[in-house]
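One file, my_file.cif, carrying mmCIF, C-alpha atoms:
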```
data_run
#
loop_
_atom_site.label_atom_id
_atom_site.label_comp_id
_atom_site.auth_asym_id
_atom_site.auth_seq_id
_atom_site.Cartn_x
_atom_site.Cartn_y
_atom_site.Cartn_z
CA MET A 10 -15.53 39.82 -54.58
CA ASP A 11 -13.98 40.93 -57.84
CA LEU A 12 -10.34 40.90 -58.83
CA SER A 13 -7.97 43.58 -57.58
CA LEU A 14 -4.63 44.33 -59.21
CA SER A 15 -1.82 46.67 -58.26
CA THR A 16 1.77 46.89 -59.43
CA ARG A 17 4.96 48.27 -57.89
CA THR A 18 8.66 48.08 -58.55
CA GLU A 19 11.01 46.24 -56.24
CA GLY A 20 14.62 46.56 -57.44
CA ASP A 21 14.68 45.22 -61.00
CA ARG A 22 11.45 43.27 -60.49
CA THR A 23 7.86 44.29 -61.00
CA VAL A 24 5.50 43.02 -58.35
CA VAL A 25 1.88 42.40 -59.34
CA GLU A 26 -0.27 42.10 -56.24
CA VAL A 27 -3.46 40.16 -57.00
CA GLY A 28 -6.45 39.97 -54.69
CA GLY A 29 -9.88 38.37 -54.86
CA GLU A 30 -11.02 35.67 -57.24
CA ILE A 31 -9.28 34.64 -60.46
CA ASP A 32 -11.80 32.72 -62.57
CA VAL A 33 -13.28 32.54 -66.06
CA TYR A 34 -14.83 36.01 -65.56
CA THR A 35 -11.91 37.92 -64.05
CA ALA A 36 -8.89 36.14 -65.61
CA PRO A 37 -8.92 38.31 -68.76
CA LYS A 38 -8.13 41.38 -66.56
CA LEU A 39 -5.05 39.68 -65.14
CA ARG A 40 -4.05 38.62 -68.66
CA GLU A 41 -4.32 42.23 -69.87
CA GLN A 42 -2.17 43.43 -66.98
CA LEU A 43 0.58 40.88 -67.69
CA VAL A 44 0.51 41.60 -71.44
CA GLU A 45 0.77 45.35 -70.75
CA LEU A 46 3.75 44.92 -68.42
CA VAL A 47 5.62 42.86 -71.00
CA GLN A 48 4.81 45.43 -73.68
CA ASP A 49 6.28 48.08 -71.35
CA GLY A 50 9.50 46.09 -71.16
CA LYS A 51 8.94 44.61 -67.70
CA TYR A 52 10.28 41.10 -68.11
CA HIS A 53 10.96 40.12 -64.49
CA LEU A 54 7.65 39.70 -62.74
CA ILE A 55 6.62 38.58 -59.28
CA VAL A 56 2.94 37.74 -58.96
CA ASP A 57 1.95 38.02 -55.30
CA MET A 58 -1.06 35.75 -54.74
CA GLU A 59 -1.31 35.98 -50.96
CA LYS A 60 -4.61 37.86 -51.17
CA VAL A 61 -6.16 35.56 -53.77
CA ASP A 62 -9.27 33.78 -52.46
CA PHE A 63 -9.95 31.57 -55.45
CA LEU A 64 -8.00 30.36 -58.48
CA ASP A 65 -9.18 27.98 -61.20
CA SER A 66 -7.69 26.52 -64.37
CA THR A 67 -8.56 29.65 -66.36
CA GLY A 68 -6.36 31.63 -63.99
CA LEU A 69 -3.59 29.05 -64.33
CA GLY A 70 -3.84 29.45 -68.10
CA VAL A 71 -3.24 33.18 -67.78
CA LEU A 72 -0.19 32.64 -65.56
CA VAL A 73 1.21 30.11 -68.05
CA GLY A 74 0.62 32.64 -70.85
CA GLY A 75 2.46 35.29 -68.81
CA LEU A 76 5.36 32.94 -68.19
CA LYS A 77 5.66 32.21 -71.91
CA ARG A 78 5.69 35.91 -72.71
CA VAL A 79 8.44 36.86 -70.23
CA ARG A 80 10.52 33.80 -71.09
CA ALA A 81 10.52 34.96 -74.71
CA HIS A 82 12.47 38.01 -73.47
CA ASP A 83 14.72 35.97 -71.15
CA GLY A 84 12.57 37.18 -68.28
CA SER A 85 11.09 35.44 -65.28
CA LEU A 86 7.75 35.04 -63.57
CA ARG A 87 7.82 34.06 -59.92
CA LEU A 88 4.81 33.42 -57.73
CA VAL A 89 4.35 34.23 -54.06
CA CYS A 90 1.86 31.91 -52.39
CA THR A 91 1.63 30.14 -49.06
CA GLN A 92 -2.10 29.36 -49.06
CA GLU A 93 -2.71 25.64 -49.15
CA ARG A 94 -6.01 25.91 -51.03
CA ILE A 95 -4.35 27.83 -53.86
CA LEU A 96 -1.21 25.69 -53.92
CA LYS A 97 -3.39 22.59 -54.30
CA ILE A 98 -4.40 23.38 -57.89
CA PHE A 99 -0.75 23.99 -58.85
CA ARG A 100 0.08 20.54 -57.47
CA ILE A 101 -2.87 18.78 -59.17
CA THR A 102 -1.85 20.21 -62.53
CA GLY A 103 1.87 19.59 -62.06
CA LEU A 104 2.55 23.32 -62.44
CA THR A 105 4.64 23.44 -59.25
CA LYS A 106 7.39 22.14 -61.56
CA VAL A 107 6.87 24.99 -64.00
CA PHE A 108 6.59 28.02 -61.68
CA PRO A 109 9.04 29.00 -58.97
CA ILE A 110 6.78 29.49 -55.93
CA HIS A 111 8.04 31.54 -52.98
CA ALA A 112 6.88 32.20 -49.44
CA SER A 113 7.33 35.99 -49.60
CA VAL A 114 7.93 38.82 -52.06
CA SER A 115 11.35 39.48 -50.54
CA GLU A 116 12.32 35.84 -51.03
CA ALA A 117 11.14 35.98 -54.66
CA ALA A 118 12.95 39.28 -55.25
CA ALA A 119 16.19 37.84 -53.87
CA ALA A 120 16.01 34.74 -56.07
CA VAL A 121 18.57 34.49 -58.83
CA ASP A 122 17.14 33.88 -62.28
CA MET B 28 -35.32 15.34 -56.87
CA PRO B 29 -32.45 17.74 -56.30
CA THR B 30 -32.44 19.85 -53.16
CA VAL B 31 -31.56 22.98 -55.15
CA SER B 32 -31.51 23.47 -58.93
CA LEU B 33 -29.86 26.40 -60.63
CA ARG B 34 -30.21 27.28 -64.27
CA PHE B 35 -28.06 30.13 -65.55
CA SER B 36 -27.32 31.79 -68.89
CA ALA B 37 -23.93 30.80 -70.25
CA LEU B 38 -22.03 33.89 -69.10
CA PRO B 39 -18.69 33.82 -67.24
CA SER B 40 -20.02 36.23 -64.62
CA HIS B 41 -22.58 33.66 -63.43
CA VAL B 42 -20.01 30.98 -62.69
CA ARG B 43 -19.19 32.69 -59.41
CA THR B 44 -22.87 32.62 -58.45
CA ALA B 45 -22.96 28.87 -59.11
CA ARG B 46 -19.89 28.38 -56.88
CA LEU B 47 -21.42 30.41 -54.08
CA VAL B 48 -24.76 28.57 -54.24
CA ALA B 49 -23.04 25.17 -54.32
CA ALA B 50 -20.88 26.04 -51.32
CA ALA B 51 -23.88 27.39 -49.40
CA VAL B 52 -25.97 24.26 -50.02
CA ALA B 53 -22.99 22.03 -49.21
CA ARG B 54 -22.45 23.83 -45.92
CA ARG B 55 -26.16 23.61 -45.13
CA SER B 56 -26.04 19.85 -45.87
CA GLY B 57 -23.40 19.45 -43.20
CA LEU B 58 -20.44 18.83 -45.49
CA ASP B 59 -17.16 19.05 -43.65
CA GLU B 60 -15.77 22.61 -43.82
CA THR B 61 -12.45 21.31 -45.13
CA LEU B 62 -14.20 20.01 -48.27
CA LEU B 63 -15.94 23.28 -49.16
CA ASP B 64 -12.95 24.61 -51.12
CA GLU B 65 -12.94 21.41 -53.13
CA VAL B 66 -16.66 21.80 -53.92
CA ARG B 67 -16.10 25.44 -54.93
CA LEU B 68 -13.23 24.59 -57.26
CA ALA B 69 -14.87 21.50 -58.79
CA VAL B 70 -18.19 23.28 -59.41
CA GLY B 71 -16.34 26.30 -60.79
CA GLU B 72 -14.36 24.13 -63.21
CA ALA B 73 -17.45 22.21 -64.36
CA CYS B 74 -19.44 25.42 -64.89
CA SER B 75 -16.55 27.26 -66.63
CA ARG B 76 -16.22 24.35 -69.01
CA ALA B 77 -19.96 24.36 -69.69
CA VAL B 78 -20.04 28.13 -70.24
CA GLU B 79 -17.13 27.98 -72.71
CA LEU B 80 -18.83 25.20 -74.70
CA HIS B 81 -22.22 26.93 -74.71
CA ARG B 82 -20.70 30.18 -75.89
CA ARG B 83 -19.20 28.36 -78.86
CA HIS B 84 -22.02 26.00 -79.74
CA ASN B 85 -25.24 26.90 -78.00
CA PRO B 86 -25.20 30.40 -76.47
CA HIS B 87 -28.93 30.61 -75.80
CA GLU B 88 -29.23 27.43 -73.74
CA PRO B 89 -28.75 27.72 -69.98
CA VAL B 90 -26.36 25.60 -67.93
CA LEU B 91 -28.01 23.38 -65.32
CA VAL B 92 -26.59 22.76 -61.84
CA GLU B 93 -28.38 20.31 -59.52
CA LEU B 94 -27.35 20.06 -55.88
CA THR B 95 -28.64 17.06 -53.94
CA ASP B 96 -28.38 16.45 -50.26
CA SER B 97 -29.13 12.78 -49.63
CA PRO B 98 -28.24 10.64 -46.59
CA GLY B 99 -24.49 10.24 -46.48
CA ARG B 100 -23.75 12.05 -49.73
CA PHE B 101 -23.76 15.56 -51.13
CA ALA B 102 -23.99 15.45 -54.93
CA VAL B 103 -23.55 18.03 -57.66
CA ALA B 104 -24.52 17.46 -61.30
CA VAL B 105 -23.56 20.03 -63.93
CA THR B 106 -25.25 19.51 -67.29
CA ASP B 107 -24.26 21.34 -70.44
CA ALA B 108 -25.74 21.46 -73.91
CA GLY B 109 -22.41 22.31 -75.45
CA GLY B 110 -22.40 19.67 -78.15
CA THR B 111 -21.20 16.10 -78.37
CA ASP B 112 -18.16 16.35 -80.61
CA GLY B 113 -15.83 13.65 -79.48
CA PRO B 114 -15.24 12.17 -76.06
CA PRO B 115 -14.10 14.48 -73.27
CA ASP B 116 -10.37 14.86 -73.22
CA VAL B 117 -9.65 13.63 -69.73
CA ASP B 118 -6.07 12.91 -70.72
CA ALA B 119 -5.48 16.64 -71.18
CA LEU B 120 -3.70 16.90 -67.86
CA ASP B 121 -1.08 14.30 -68.69
CA GLU B 122 -0.56 15.83 -72.10
CA LEU B 123 -0.23 19.24 -70.51
CA ARG B 124 2.36 18.01 -68.00
CA ASP B 125 4.33 16.41 -70.80
CA SER B 126 4.15 19.34 -73.15
CA LEU B 127 4.17 22.38 -70.94
CA LYS B 128 7.58 22.35 -69.36
CA PRO B 129 9.63 21.94 -72.54
CA ALA B 130 7.28 24.33 -74.31
CA VAL B 131 7.83 26.96 -71.65
CA ASP B 132 11.56 26.26 -71.41
CA SER B 133 12.13 26.59 -75.11
CA ALA B 134 9.69 29.40 -75.72
CA GLY B 135 10.89 31.44 -78.66
CA GLU B 136 8.72 34.28 -79.83
CA PRO B 137 5.52 34.54 -77.80
CA ASP B 138 2.48 33.17 -79.55
CA GLY B 139 0.54 35.97 -81.15
CA ASP B 140 -2.59 34.81 -79.45
CA ILE B 141 -2.10 32.81 -76.31
CA PRO B 142 -5.53 31.61 -75.25
CA VAL B 143 -6.87 32.74 -71.91
CA GLY B 144 -7.49 29.18 -70.79
CA LEU B 145 -5.42 26.05 -70.74
CA PRO B 146 -6.12 23.34 -73.32
CA ALA B 147 -9.71 22.17 -73.73
CA GLY B 148 -10.45 19.39 -71.29
CA MET B 149 -8.30 20.96 -68.61
CA GLY B 150 -11.29 21.68 -66.39
CA LEU B 151 -12.31 18.03 -66.49
CA ALA B 152 -8.76 16.97 -65.80
CA VAL B 153 -8.61 19.23 -62.73
CA ILE B 154 -11.92 17.80 -61.51
CA SER B 155 -10.71 14.22 -61.92
CA GLY B 156 -7.52 15.09 -60.04
CA LEU B 157 -9.49 16.76 -57.28
CA VAL B 158 -12.64 14.72 -56.71
CA GLU B 159 -12.59 10.95 -56.11
CA ASP B 160 -16.30 10.40 -56.72
CA VAL B 161 -16.85 11.72 -60.26
CA THR B 162 -18.72 10.35 -63.27
CA VAL B 163 -19.12 11.83 -66.73
CA VAL B 164 -22.42 10.90 -68.40
CA PRO B 165 -22.96 11.65 -72.10
CA GLN B 166 -26.33 13.27 -72.87
CA ARG B 167 -28.09 13.92 -76.15
CA SER B 168 -26.74 17.46 -76.43
CA GLY B 169 -23.79 17.54 -74.07
CA LEU B 170 -22.45 16.02 -70.86
CA THR B 171 -23.44 15.70 -67.25
CA ILE B 172 -20.57 15.83 -64.77
CA GLU B 173 -21.69 14.16 -61.54
CA MET B 174 -19.60 14.68 -58.43
CA GLY B 175 -20.17 13.51 -54.89
CA TRP B 176 -18.75 14.07 -51.43
CA PRO B 177 -19.41 12.02 -48.29
CA LEU B 178 -21.51 13.55 -45.53
CA SER B 179 -20.50 12.38 -42.11
CA ALA B 180 -23.36 11.31 -39.84
CA VAL B 181 -24.18 13.93 -37.22
#
```

Write-out of the structure in structure tokens:
Amino acid sequence: MDLSLSTRTEGDRTVVEVGGEIDVYTAPKLREQLVELVQDGKYHLIVDMEKVDFLDSTGLGVLVGGLKRVRAHDGSLRLVCTQERILKIFRITGLTKVFPIHASVSEAAAAVD
Amino acid sequence: MPTVSLRFSALPSHVRTARLVAAAVARRSGLDETLLDEVRLAVGEACSRAVELHRRHNPHEPVLVELTDSPGRFAVAVTDAGGTDGPPDVDALDELRDSLKPAVDSAGEPDGDIPVGLPAGMGLAVISGLVEDVTVVPQRSGLTIEMGWPLSAV
């Protein structure tokens, strides 16, 4: 399975729905998408990872890069993820302390930055 | 002798193949289903690391993955020929934890060129945080990362 990406607007947030596998091969596509959104002035992002089957450290690197970019514009990057196998790598790397992780898009959209 | 050997050109697109083969052989060996995700992630990290190093130092050499099903243990060895400059940075994870949060909090202008990956050595750090039975063996032209998982008796 490859990587699938779609974006939509929810209030003042932009939701990026990611599906499939984020690895050393597909991560550059996600990076491009995040860079493009920031260039278009979308600084409050929600990355919905509920349909992600696999995530490795390359994918984490892209998310960290995205967070740095939006933070530079006083923006935010929130993650939606309830899958234990994906959450595990965030815990191993200590990134649960860096990213706000929510159980649903509506919860993330309601969060106050 | 390994049960299955896989040699692939150092291209990111082949890392997925290596993960799939490793998971298939692990399942066939009788490894507990709950450990398959761990095998997938650890093999993926080891192969991504190898591919990145080969692309920089030795693009024409293939990466070697050996999967061995022996009594009581399923083992994976990933061997690269990505050079021997310096010891592997297994402390990368701690450094990252220490540096990342303040760096993100105080981010000023975005870096012109934020790398796609996390710091070098991150893959190894993830593996060491994930897999209990892991050994890194220096070779003449790179490293072998050996990882093992227990097979329960049927």

Give me the residues within 7 Å of Asp65 in chain A as a short mmCIF file (atom, residue, chain, number, x, y, z; two decimals) with C-alpha atoms, in the frame of the given file, counting all atoms listed in the file and dropping any in the same chain fewer than 3 places off.
```
data_model
loop_
_atom_site.label_atom_id
_atom_site.label_comp_id
_atom_site.auth_asym_id
_atom_site.auth_seq_id
_atom_site.Cartn_x
_atom_site.Cartn_y
_atom_site.Cartn_z
CA ILE A 31 -9.28 34.64 -60.46
CA ASP A 32 -11.80 32.72 -62.57
CA GLY A 68 -6.36 31.63 -63.99
CA LEU A 69 -3.59 29.05 -64.33
CA LEU B 68 -13.23 24.59 -57.26
CA GLU B 72 -14.36 24.13 -63.21
#
```

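Proximity to chain B was assessed for A:Arg94, A:Lys38, A:Lys60, A:Arg22 counting all atoms listed in the file; the smallest distance is recorded for A:Arg94.
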
Original post:
What do you get, as a PyMOL selection string, if you spell out every residue that the PyMOL selection byres ((chain A) within 8 of (chain B)) selects here?
Top reply: chain A and resi 33-34+36-37+40+63-71+74+76-78+80-81+94+98+101-104+106-107

**OP:** Check the smallest atom-to-atom distance from each of B:Ser36, B:Met174, B:His87, B:Pro165 to Val66 in chain B using all atoms listed in the file, then report the winner.
**Re:** B:Met174

Original post:
Evaluating the PyMOL selection byres ((chain B and resi 109) around 9) on the displayed file yields which residues, as an NGL selection string?
Top reply: :B and (77-86 or 88 or 107-108 or 110-112 or 168-170)

Subject >> Expansion of the PyMOL selection byres ((chain A and resi 87) around 7) into residues, as a list in words >> reply: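 Taken on the displayed file, the PyMOL selection byres ((chain A and resi 87) around 7) yields the residues Leu54, Ile55, Val56, Ser85, Leu86, Leu88, Val89, Phe108, Pro109, Ile110 and Ala117 of chain A.
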
**OP:** Determine, counting only C-alpha atoms, which protein, DNA and RNA residues have an atom within 8 Å of an atom of range 91-93 of chain A; residues of the same chain fewer than 2 positions away are not included. Present the result as a VMD selection string.
**Re:** chain A and resid 59 89 95 to 97 111 to 112

Original post:
What gap, in Å, lies between CA of Val25 in chain A and CA of Leu47 in chain B?
Top reply: 26.7 Å
